[in-house]
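See below for the structure under consideration.
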Amino acid sequence: MTTTYTSYQMIAKDLPSSLERVSQKPDVVRETEYYLSKIGDVKSVDDFMADTRLYNYALKAHGLEDMAYAKAFIRKVLTEGVTDDEAFAKQLTDPRYADLATALNFAAYDTAATSFDRAQKGVVDKYMRQTLEEDAGADNNGVRLALYFERMAPEVTSTMDILADGALAQVVRTAFQLPMEVAASDIDKQAAYLEKLFDVEDFKDPEKLGTFLERFTALWELENPSNNYDPLAVFGSSAGHGISADLLISINSLKLGGS
């Protein structure tokens with residue numbers, strides 16, 4: 001039986017191959033070919049927003065697919081860019097908007113904005129990763145959360161960054177078995193409490209991040225068992241794959257590397 005842990009490991013252990021498989025899906029090939037063939041001809045925010053396929057592709061690439069309806073909002077993000085600290089995107093807590101404005105930086109580069117690699121291959125790479133995570137989530141949302149955390153965690157600079165992102169916060173709450181009452185408490189108190197549990201700098205260490213995500217996927221499985229999967233079976237020595245005994249012991253520790 002494929003569990004959250006094994007599903008995540010199957011994807012993460014060879015991420016290039018996983019992304020390659022996604023890139024070969026017929027619908028992905030079709031939309032990507034269209035994007036690359038048209039984006040270089042886009043010379044303004046108006047041009048970009050007038051082409052629904054380009055618009056939807058770029059928003060999905062940045063994890064903003066659900067915001068496609070908010071065209072006035074997205075237009076403001078792109079029109080003001082990211083150069084000025086007072087720009088709209090820079091004032092938003094969610095960094096995805098600034099990432100979009102950076103990739104399609106019409107405010108700084110005008111008609112040349114889409115000629116840069118970040119507007120072409122850069123957006124395509126993001127689209128592949130986003131699609132990979134969404135596909136994984138269709139089968140198991142815990143796997144999607146783990147892949148998202150793996151992608152975003154190295155950029156986290158504080159516990160407040162985690163609390164500002166609902167998905168990152170959910171991973172942390174699951175990994176440390178925090179009750180929902182904690183999420184309802186004062187935000188500053190939450191940040192201070194998380195600082196006692198872990199050091200965000202540990203997420204920049206691939207080994208520590210890997211151990212943390214092993215624990216998250218194990219605990220996610222215990223709370224959200226896969227179909228026909230007995231979460232207690234991982235404690236048995238007869239299992240040919242899954243979660244190691246050392247990992248199961250380490251789950252009881254609140255520190256990333258154990259203490």
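If you're wondering about the labels, chains in the structure tokens are A, B, ... by order shown, residues count from 1 in each chain, ligands from 1 in order shown.
Contact shell of Pro154 (chain A) at 12 Å (only C-alpha atoms; same-chain neighbours under 5 positions omitted): A:Tyr148, A:Phe149, A:Asp161, A:Ile162, A:Leu168, A:Asp199, A:Val200, A:Glu201, A:Asp202, A:Phe203, A:Lys204, A:Asp205, A:Pro206, A:Lys208, A:Leu209, A:Gly210.
Coordinates place CA of Val29 (chain A) at a distance of 24.2 Å from CA of Tyr8 (chain A).
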Query raised in the report: Which is closest to Asn140 (chain A) among A:Phe106, A:Phe48, A:Tyr55, A:Trp220, if we use only C-alpha atoms?
Result: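 Of A:Phe106, A:Phe48, A:Tyr55, A:Trp220, the one nearest Asn140 (chain A), counting only C-alpha atoms, is A:Trp220.
You can rank A:Leu19, A:Met49, A:Ala89, A:Ala61 by their closest distance to Ala136 (chain A) using only C-alpha atoms, and at the top of that list sits A:Leu19.
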